[in-house]
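Notes to accompany the following structure.
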Amino acid sequence: MEENKHRSRRTRKIKSPQPEFWRRNSLEIAVVVLILAGIYLLVEKTDVSENILHFLKIVIIFWANFFSSIASFLQKWIEDTEASDIVGFTLILTAVFLLGYRTRTNLLKNYPNTRSCSKCESGLSRIHRKFRHKIIGLLFRIRVKNYRCLGSNCSWRGIQITTQ
Ligand SMILES: [Zn+2]
C-alpha cells in the first residue's frame, strides 16, 4: 500500500513538470514581474501609480474597518456576557464532549480492527475511504479504514476503526 502511494506520487511528478518549473524559478519570475511593473510605472507617466495608491488606500481602509468592527463586536459580546452564560455554555460544552467521547468508544468497539472478514474469515483488501469516513475520522480523532473481502463467494464491504 505504502509503496503504491509512492509510485503514484512519482508518476504524477513526471506527468506534470509545469508546477515544478514555477516552483524552482519562483524568485526569477518574481524579479521579472517586479522589474516589468517598475519599468511600466516609470515609463507610463499617466496617473497609473496614483490609481494604484488610491486602490491600496481603499483596500487598507476596508480591512482596517473590518477588523475594528470585529474587535468592537467581541468587546461588546464580552461585556454583555453574564456569569450564568459562562456556566451554561460550559455545561453544554461538557455534555457535547461526553457525548462525543461515548460515541468514539462505541465506534472503536463496534468496528474493531480484525484484519479478516467477519463473515467468512477471508483476507481483506483496503479500498478508498468515502468522504464521510474522513469527516468521522477528523471529528472523533480516529482512523477509519475501508475494506472489501477477498473471499470468492463473499461480497462483504465495511469499515474498521483504530485509534490514531
Ligand atoms: Zn468475507
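Here's how to read the names in the C-alpha cells: chain A, B, ... by the order shown, residue numbers from 1 in each chain, ligand numbers from 1 in the order shown.
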
Neighbouring residues of ligand 1 are defined here as those with any atom at most 8 Å from a ligand atom, counting only C-alpha atoms and all ligand atoms; list them as a list in words.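 Listed by chain and ascending number, the contacts are Ser116, Cys117, Ser118, Lys119, Cys120, Glu121, Ser122, Gly123, Leu124, Arg148, Cys149, Leu150, Gly151, Asn153, Cys154, Ser155 and Trp156 of chain A.
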
Any chance you could list, as a ChimeraX atom specification, the residues in segment 43-142 of chain A that come up strand (DSSP E or B) when DSSP is run on the backbone? /A:116,123-127,142

Selection: 12 Å around Lys130 of chain A, only C-alpha atoms, excl. self and same-chain fewer than 3 positions, as a short mmCIF file (atom, residue, chain, number, x, y, z; two decimals) with N, CA and C atoms, in the first residue's frame:
data_model
loop_
_atom_site.label_atom_id
_atom_site.label_comp_id
_atom_site.auth_asym_id
_atom_site.auth_seq_id
_atom_site.Cartn_x
_atom_site.Cartn_y
_atom_site.Cartn_z
N ILE A 127 -9.83 -0.47 0.50
CA ILE A 127 -10.38 0.29 -0.63
C ILE A 127 -10.51 1.75 -0.20
N HIS A 133 -16.17 9.02 5.86
CA HIS A 133 -15.21 8.33 6.73
C HIS A 133 -14.12 9.29 7.19
N LYS A 134 -13.68 10.16 6.26
CA LYS A 134 -12.64 11.13 6.62
C LYS A 134 -13.17 12.13 7.64
N ILE A 135 -14.43 12.56 7.43
CA ILE A 135 -15.04 13.53 8.35
C ILE A 135 -15.15 12.92 9.75
N ILE A 136 -15.64 11.66 9.80
CA ILE A 136 -15.79 10.98 11.10
C ILE A 136 -14.43 10.83 11.77
N GLY A 137 -13.41 10.48 10.97
CA GLY A 137 -12.06 10.33 11.49
C GLY A 137 -11.54 11.61 12.11
N VAL A 144 -10.38 5.68 10.31
CA VAL A 144 -11.38 4.84 9.66
C VAL A 144 -10.75 4.21 8.43
N LYS A 145 -10.78 2.86 8.36
CA LYS A 145 -10.24 2.17 7.18
C LYS A 145 -11.36 1.42 6.49
N ASN A 146 -11.44 1.56 5.18
CA ASN A 146 -12.49 0.91 4.40
C ASN A 146 -11.92 -0.35 3.76
N TYR A 147 -12.64 -1.46 3.88
CA TYR A 147 -12.14 -2.74 3.38
C TYR A 147 -13.18 -3.42 2.50
N GLY A 158 -16.83 -3.08 4.32
CA GLY A 158 -17.11 -2.37 5.56
C GLY A 158 -15.91 -1.65 6.11
N ILE A 159 -16.14 -0.95 7.20
CA ILE A 159 -15.06 -0.16 7.79
C ILE A 159 -14.55 -0.83 9.07
#

Would you list the contacts of segment 105-113 of chain A as a list in words, taking every protein, DNA or RNA residue within 9 Å and counting only C-alpha atoms, but skipping same-chain residues closer than 4 positions in sequence?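 Those residues are Gly100, Tyr101, Ile142, Lys145, Gly158, Ile159, Gln160, Ile161, Thr162 and Thr163 of chain A.
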
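Distance annotation: of A:Phe67, A:Leu139, A:Lys57, A:Val32, the residue with the minimal separation from Thr103 of chain A is A:Leu139; atom set is only C-alpha atoms.
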
From the list A:Phe140, A:Ser72, A:Arg115, A:Phe55, which residue is nearest Phe97 of chain A when using only C-alpha atoms?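 Of all the options, A:Phe140 lies closest to Phe97 of chain A.
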
Coordinates-based distance that separates atom CA of Ala37 of chain A from atom CA of Ile58 of chain A (Å, one decimal):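 We find that atom CA of Ile58 of chain A and atom CA of Ala37 of chain A lie 20.7 Å from each other.
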
d(atom CA of Phe73 of chain A, atom CA of Gly88 of chain A) in Å: 21.0 Å

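Of note, atom CA of Trp22 of chain A and atom CA of Ile35 of chain A are spaced 17.7 Å apart.
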
I need the residues of chain A that end up classed as helix (DSSP H, G or I) by DSSP on the backbone, written out as a ChimeraX atom specification. /A:2-15,18-24,26-43,48-80,83-110,131-140
